[in-house]
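Visitor: Take a look at this one; I'll ask things after.
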Amino acid sequence: TTPSWVQALDKYVASKPIEDVAADLGLKAEEIIMLVANENPNGMSSKVKEAVATAALNLNRYPDADAYHLQKAIAEKYGVPQDWVVIGSGSSELLGLAAETVLSEGTTAIYPQYSFSLYPMVARLCGAETIEIPSTGDFNADLDAMADAVDERTRLIFLTNPNNPTGTYLAEKDILAFLDKIPPTVMVLFDEAYVEFLEPALRCDSMEIVRLHPNVMVARTFSKAYGLAGARVGYGIAQPGLLSMLNRVRHPFNVNDLSQIAALAALQDQEFVEKTLEVNRKGIKFLSEAFDALGLPYMGLHANFITVKVGPHADDIVQYLLKKGIIVRRMKSYDLPEWIRVSVGTPEQNERFLEVLKEALAKFE
Ligand code: PMP
């Protein structure tokens, strides 16, 4: 019999510590393969461990209110003035702050159909109405329809590149043409949480976009390519006019000392990022070729996950994987009940996932 917690899968996995999930499955915590949250499967940089362990910490003192050193290092890396940078407790906090800065009752926020679930959540928390714009046939944001939807109530637009959960990306010329149509009274949150995974030739010049558009904030994170999801550090880059408004709703000391130190060390360890990108490239190739061989359609390959159509038995397949300790994401909440999203793991994790997926496909076909 299927335990009731497996029935209520998403809620269960999201609300329980991994040790408890493992215990329920009769497994050890280290046997669980987490391919559900697009985290970095390579652990974290050893330089981060060292920096945190040897830091001259005084946790009796408040941290630097603006994360000065991290802010400075990010500004230098991207060639922007320091007051163009804001540090957040994960880029999630920055999405929330963007919403708080510009939204209230009577205003609206626009976002594409297949996009990060936090967008409508933070907008509604501010009392705003949310407008979801149907995506194009290839699961990408429909930029023309999004621009057409803007009216006098619109205050915020969410745009993601590359996008979660579709793995698609937007071409620079399309982004620029879109931004030219957006009035300066509308803030555009340009979410680049997965940008490091995008092939350099396909990337847009985000800093130039910020220079050209005082209403755009680029949001990035240390949670993915930098391997620091647990530290909760993200950053925003925008012109000071916009950031001074956003800083009014940001709590001072929003990023703790340990996380500031960890992120600074992670930023300086580009070797770790390069290794991560290499592991990811190989994983994307391995999984997409395997899906091709199995005849399973999938969405874009431009991030660190693949959303793949496993068919009408997707729930059974997800449960089967879970019972073997492999956790992936269902796409039910996106009205894609036949699809699952799998984060790219280590080569061993990808192989194990594929082996169990094949078992499940054979069992439920
Ligand atoms: N944006 C997108 C598109 C995401 O997928 C995520 C995390 N899943 C985030 C932002 C938030 O990441 P974090 O808060 O860890 O920086």
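Lettering and numbering for the structure tokens are positional, with chains as A, B, ... in the shown order, residues counted from 1 in each chain, and ligands counted from 1 in the shown order.
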Residues contacting ligand 1 - anything with an atom at most 9 Å away, using only C-alpha atoms and all ligand atoms - can you give me those as an MDAnalysis selection string?
Guide: chainID A and resid 37:39 88:95 115:119 159:165 191:194 219:224 228:235
Visitor: Create the file for the chosen residues now, containing C-alpha atoms and written as a PDB file, in the first residue's frame.
Guide:
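And here's out36.pdb as it stands now:
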```pdb
ATOM      1  CA  ALA A  37      15.816  21.833  -6.133  1.00  0.00           C
ATOM      2  CA  ASN A  38      18.456  22.557  -8.804  1.00  0.00           C
ATOM      3  CA  GLU A  39      21.179  22.656  -6.190  1.00  0.00           C
ATOM      4  CA  GLY A  88      20.007  39.653  -0.315  1.00  0.00           C
ATOM      5  CA  SER A  89      19.303  36.589   1.772  1.00  0.00           C
ATOM      6  CA  GLY A  90      19.057  34.486  -1.355  1.00  0.00           C
ATOM      7  CA  SER A  91      17.784  36.066  -4.542  1.00  0.00           C
ATOM      8  CA  SER A  92      14.353  35.085  -3.196  1.00  0.00           C
ATOM      9  CA  GLU A  93      14.589  37.930  -0.708  1.00  0.00           C
ATOM     10  CA  LEU A  94      15.395  40.341  -3.526  1.00  0.00           C
ATOM     11  CA  LEU A  95      12.329  39.202  -5.500  1.00  0.00           C
ATOM     12  CA  SER A 115       8.119  30.495 -14.352  1.00  0.00           C
ATOM     13  CA  PHE A 116       9.335  30.458 -10.759  1.00  0.00           C
ATOM     14  CA  SER A 117       6.439  29.948  -8.343  1.00  0.00           C
ATOM     15  CA  LEU A 118       7.663  32.686  -6.029  1.00  0.00           C
ATOM     16  CA  TYR A 119       6.767  35.483  -8.494  1.00  0.00           C
ATOM     17  CA  LEU A 159      11.520  37.879 -16.631  1.00  0.00           C
ATOM     18  CA  THR A 160      13.873  34.918 -16.197  1.00  0.00           C
ATOM     19  CA  ASN A 161      16.909  33.977 -18.246  1.00  0.00           C
ATOM     20  CA  PRO A 162      17.536  31.068 -18.482  1.00  0.00           C
ATOM     21  CA  ASN A 163      14.112  30.123 -17.222  1.00  0.00           C
ATOM     22  CA  ASN A 164      13.055  27.702 -14.497  1.00  0.00           C
ATOM     23  CA  PRO A 165      11.327  25.227 -15.016  1.00  0.00           C
ATOM     24  CA  ASP A 191      16.089  36.972 -12.823  1.00  0.00           C
ATOM     25  CA  GLU A 192      19.371  35.366 -13.837  1.00  0.00           C
ATOM     26  CA  ALA A 193      19.563  32.686 -11.141  1.00  0.00           C
ATOM     27  CA  TYR A 194      20.881  30.168 -13.693  1.00  0.00           C
ATOM     28  CA  ALA A 219      18.947  39.308  -9.717  1.00  0.00           C
ATOM     29  CA  ARG A 220      21.502  36.523  -9.313  1.00  0.00           C
ATOM     30  CA  THR A 221      22.291  33.921  -6.718  1.00  0.00           C
ATOM     31  CA  PHE A 222      25.049  31.988  -4.985  1.00  0.00           C
ATOM     32  CA  SER A 223      22.651  29.040  -4.607  1.00  0.00           C
ATOM     33  CA  LYS A 224      23.260  27.325  -7.931  1.00  0.00           C
ATOM     34  CA  LEU A 228      25.791  27.882  -1.529  1.00  0.00           C
ATOM     35  CA  ALA A 229      22.017  27.303  -1.404  1.00  0.00           C
ATOM     36  CA  GLY A 230      22.213  26.769   2.358  1.00  0.00           C
ATOM     37  CA  ALA A 231      23.968  30.094   2.977  1.00  0.00           C
ATOM     38  CA  ARG A 232      21.120  32.100   1.378  1.00  0.00           C
ATOM     39  CA  VAL A 233      22.967  34.777  -0.563  1.00  0.00           C
ATOM     40  CA  GLY A 234      21.858  36.514  -3.745  1.00  0.00           C
ATOM     41  CA  TYR A 235      22.612  39.884  -5.297  1.00  0.00           C
TER      42      TYR A 235
END
```
Visitor: DSSP on the backbone, strand (DSSP E or B) only: what residues of segment 289-362 of chain A does that give? Format it as a ChimeraX atom specification.
Guide: /A:298,305-309,326-327,329-330,339-343
Visitor: So that I can check the surroundings of segment 127-135 of chain A, please list as a PyMOL selection string every protein, DNA and RNA residue that reaches within 7 Å of it, counting only C-alpha atoms and ignoring chain neighbours fewer than 2 positions away.
Guide: chain A and resi 103-114+120+123-125+137+139-142+145-146
Visitor: Write the residues of the selection above to a file with C-alpha atoms, as a short mmCIF file (atom, residue, chain, number, x, y, z; two decimals), in the first residue's frame.
Guide:
```
data_model
loop_
_atom_site.label_atom_id
_atom_site.label_comp_id
_atom_site.auth_asym_id
_atom_site.auth_seq_id
_atom_site.Cartn_x
_atom_site.Cartn_y
_atom_site.Cartn_z
CA LEU A 103 3.52 46.84 -5.56
CA SER A 104 0.45 47.55 -3.48
CA GLU A 105 -3.29 47.08 -3.80
CA GLY A 106 -4.57 48.33 -7.13
CA THR A 107 -1.33 47.53 -8.98
CA THR A 108 -0.46 44.49 -11.09
CA ALA A 109 2.54 42.27 -11.69
CA ILE A 110 3.09 40.37 -14.94
CA TYR A 111 4.98 37.10 -15.29
CA PRO A 112 5.20 34.30 -17.87
CA GLN A 113 3.15 31.12 -17.57
CA TYR A 114 5.98 28.66 -16.86
CA PRO A 120 2.98 35.43 -8.02
CA ALA A 123 3.24 39.91 -5.66
CA ARG A 124 0.05 38.72 -3.95
CA LEU A 125 1.61 39.22 -0.52
CA GLY A 137 4.47 26.84 -28.07
CA PHE A 139 7.51 26.94 -23.50
CA ASN A 140 9.33 30.25 -23.74
CA ALA A 141 8.05 33.59 -22.40
CA ASP A 142 5.88 35.36 -24.98
CA ALA A 145 2.15 39.33 -25.28
CA MET A 146 3.83 40.41 -22.04
#
```
Visitor: Could you please determine the separation between atom CA of Ser333 of chain A and atom CA of Asp10 of chain A in Å, to one decimal place?
Guide: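 A separation of 9.8 Å between them.
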Visitor: Which of segment 94-255 of chain A counts as helix (DSSP H, G or I) under DSSP, as number ranges by chain please?
Guide: A: 94-102, 118-125, 143-148, 172-181, 195-197, 200-202, 206-212, 229-231, 240-249
Visitor: Out of A:Ile175, A:Val48, A:Ile87, A:Leu243, which residue has the shortest atom-to-atom distance to Leu267 of chain A when counting only C-alpha atoms?
Guide: A:Val48
Visitor: Residues of segment 63-96 of chain A within 7 Å of segment 249-262 of chain A: nearest atom pair and distance (Å, one decimal) for each, counting only C-alpha atoms, sorted by chain and number, as CSV?
Guide:
```
residue,atom,partner,partner_atom,distance
A:Pro63,CA,A:Asp257,CA,5.0
A:Asp64,CA,A:Phe253,CA,6.6
A:Ala65,CA,A:Phe253,CA,4.4
A:Ala67,CA,A:Gln260,CA,6.4
A:Leu70,CA,A:Gln260,CA,6.5
A:Gly88,CA,A:Val255,CA,6.4
A:Ser89,CA,A:Val255,CA,5.4
```
